[in-house]
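> Following this message is one structure expressed as structure tokens.
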Amino acid sequence: MSWERVKQWARNLKRDVVALWIAARDPRTPWYAKAAAGAVAAYALSPIDLIPDFIPILGYLDELFILPIAIALTVRLVPADLMAEFRRTAAIRERKPYSILAAVVIVSIWMLALFALAYLAYRMPAKGLL
């Protein structure tokens with residue numbers, strides 16, 4: 001695969017994320033496709049990752065594998081004629097939308113995980129540590 005093809009694939013992926021964001025808000029989109037498109041687009045457009053990039057290997061796993069697969073599967077849920085229209089609309093859109101709500105959800109998940117770890121650490125007996 002040439003570098004130009006990789007760059008084109010990445011551009012198409014970015015366009016599809018915006019198209020899914022549009023699909024999630026369109027009343028003609030079926031409810032199941034709307035739910036999946038909303039979730040995938042919100043995560044992709046969120047300024048915060050569920051798995052931070054500074055975590056070795058796992059940090060980039062979502063951007064390299066999980067997110068492209070989720071986008072490809074979700075695109076298949078949207079009817080083809082609607083998806084073509086949403087792709088055209090996304091291609092002419094100047095700026096990429098972003099999702100504050102998704103950022104809040106991801107930060108909340110991290111906060112819950114930290115509180116759960118702190119609670120477990122507090123409740124766990126400290127046998128043999130000192």
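Lettering and numbering for the structure tokens are positional, with chains as A, B, ... in the shown order, residues counted from 1 in each chain, and ligands counted from 1 in the shown order.
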Excluding region 86-95 of chain A and residues on its chain fewer than 3 positions from it, collect all residues at most 12 Å away from it, counting only C-alpha atoms, and give them as a list in words.
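Listing them by chain and then by number gives Arg11, Asn12, Leu13, Lys14, Arg15, Asp16, Val17, Val18, Ala19, Leu20, Trp21, Ile22, Ala23, Ala24, Arg25, Asp26, Arg28, Thr29, Ala37, Leu45, Val75, Val78, Pro79, Ala80, Asp81, Leu82, Met83 and Tyr98 of chain A.
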> For CA of Arg76 (chain A) and CA of Ala36 (chain A), quote the distance in Å rounded to one decimal.
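The value is 10.6 Å.
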> Excluding same-chain residues fewer than 5 positions from region 63-67 of chain A, what lies within 12 Å of it counting only C-alpha atoms, as a PyMOL selection string?
chain A and resi 10+13-14+16-17+37+39-45+48-53+57-58+72-74
> Keeping N, CA and C atoms, export the residues of the selection given above as an mmCIF file, in the first residue's frame.

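Saved file result24.cif follows:
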```cif
data_model
loop_
_atom_site.group_PDB
_atom_site.id
_atom_site.type_symbol
_atom_site.label_atom_id
_atom_site.label_comp_id
_atom_site.auth_asym_id
_atom_site.auth_seq_id
_atom_site.Cartn_x
_atom_site.Cartn_y
_atom_site.Cartn_z
ATOM 1 N N ALA A 10 -7.065 7.791 5.196
ATOM 2 C CA ALA A 10 -7.234 8.592 6.411
ATOM 3 C C ALA A 10 -8.187 9.763 6.161
ATOM 4 N N LEU A 13 -11.645 8.397 6.062
ATOM 5 C CA LEU A 13 -12.073 8.038 7.412
ATOM 6 C C LEU A 13 -12.548 9.279 8.167
ATOM 7 N N LYS A 14 -11.797 10.368 8.053
ATOM 8 C CA LYS A 14 -12.191 11.623 8.702
ATOM 9 C C LYS A 14 -13.514 12.133 8.131
ATOM 10 N N ASP A 16 -15.849 10.286 6.812
ATOM 11 C CA ASP A 16 -16.910 9.391 7.270
ATOM 12 C C ASP A 16 -17.318 9.675 8.710
ATOM 13 N N VAL A 17 -16.376 10.098 9.544
ATOM 14 C CA VAL A 17 -16.720 10.454 10.925
ATOM 15 C C VAL A 17 -17.680 11.637 10.925
ATOM 16 N N ALA A 37 -24.107 5.589 15.094
ATOM 17 C CA ALA A 37 -23.403 6.722 14.483
ATOM 18 C C ALA A 37 -23.112 7.797 15.518
ATOM 19 N N ALA A 39 -22.722 7.383 18.787
ATOM 20 C CA ALA A 39 -21.681 6.918 19.710
ATOM 21 C C ALA A 39 -20.301 6.945 19.058
ATOM 22 N N VAL A 40 -20.198 6.437 17.843
ATOM 23 C CA VAL A 40 -18.903 6.389 17.155
ATOM 24 C C VAL A 40 -18.405 7.795 16.837
ATOM 25 N N ALA A 41 -19.285 8.643 16.330
ATOM 26 C CA ALA A 41 -18.875 10.011 15.994
ATOM 27 C C ALA A 41 -18.494 10.790 17.246
ATOM 28 N N ALA A 42 -19.254 10.621 18.324
ATOM 29 C CA ALA A 42 -18.935 11.336 19.568
ATOM 30 C C ALA A 42 -17.564 10.927 20.084
ATOM 31 N N TYR A 43 -17.269 9.630 20.050
ATOM 32 C CA TYR A 43 -15.963 9.178 20.524
ATOM 33 C C TYR A 43 -14.847 9.666 19.599
ATOM 34 N N ALA A 44 -15.070 9.569 18.297
ATOM 35 C CA ALA A 44 -14.033 9.979 17.343
ATOM 36 C C ALA A 44 -13.780 11.482 17.398
ATOM 37 N N LEU A 45 -14.815 12.265 17.658
ATOM 38 C CA LEU A 45 -14.677 13.717 17.675
ATOM 39 C C LEU A 45 -14.342 14.267 19.056
ATOM 40 N N ILE A 48 -10.799 14.026 24.047
ATOM 41 C CA ILE A 48 -10.161 13.173 25.051
ATOM 42 C C ILE A 48 -10.378 11.720 24.662
ATOM 43 N N ASP A 49 -9.327 10.905 24.746
ATOM 44 C CA ASP A 49 -9.425 9.480 24.430
ATOM 45 C C ASP A 49 -9.795 8.678 25.665
ATOM 46 N N LEU A 50 -10.523 7.585 25.447
ATOM 47 C CA LEU A 50 -10.820 6.664 26.537
ATOM 48 C C LEU A 50 -9.534 5.984 26.989
ATOM 49 N N ILE A 51 -8.685 5.643 26.030
ATOM 50 C CA ILE A 51 -7.365 5.079 26.326
ATOM 51 C C ILE A 51 -6.347 6.157 25.948
ATOM 52 N N PRO A 52 -5.737 6.835 26.933
ATOM 53 C CA PRO A 52 -4.795 7.920 26.612
ATOM 54 C C PRO A 52 -3.615 7.430 25.773
ATOM 55 N N ASP A 53 -3.142 8.296 24.889
ATOM 56 C CA ASP A 53 -2.070 7.923 23.967
ATOM 57 C C ASP A 53 -0.732 7.688 24.647
ATOM 58 N N ILE A 57 1.500 1.196 23.526
ATOM 59 C CA ILE A 57 0.775 0.294 22.629
ATOM 60 C C ILE A 57 -0.739 0.481 22.724
ATOM 61 N N LEU A 58 -1.323 0.328 23.901
ATOM 62 C CA LEU A 58 -2.771 0.444 24.052
ATOM 63 C C LEU A 58 -3.280 1.839 23.710
ATOM 64 N N ALA A 72 -16.254 1.730 10.072
ATOM 65 C CA ALA A 72 -16.636 0.921 8.906
ATOM 66 C C ALA A 72 -17.926 0.144 9.163
ATOM 67 N N LEU A 73 -18.063 -0.422 10.355
ATOM 68 C CA LEU A 73 -19.281 -1.173 10.671
ATOM 69 C C LEU A 73 -20.496 -0.254 10.775
ATOM 70 N N THR A 74 -20.303 0.915 11.341
ATOM 71 C CA THR A 74 -21.417 1.852 11.496
ATOM 72 C C THR A 74 -21.854 2.421 10.153
#
```
> Could you write out, as number ranges by chain, all the residues of region 22-96 of chain A that DSSP marks as alpha helix (DSSP H)?
A: 22-25, 31-45, 58-61, 67-77, 80-92
> What does the distance between CA of Val105 (chain A) and CA of Gly59 (chain A) come to in Å, to one decimal place?
18.0 Å
> Can you measure CA of Ile100 (chain A) to CA of Gly38 (chain A) for me? One decimal in Å is fine.
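Interatomic distance, CA of Ile100 (chain A) to CA of Gly38 (chain A): 12.9 Å.
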> Pick the closest to Ser99 (chain A) from A:Pro47, A:Ala35, A:Tyr119, A:Ser2: which is it, counting only C-alpha atoms?
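Among the listed residues, A:Pro47 lies closest to Ser99 (chain A).
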> My list of candidates is A:Pro68, A:Ala84, A:Arg123, A:Val107. Which is closest to Trp9 (chain A) when distances are computed with only C-alpha atoms?
A:Pro68
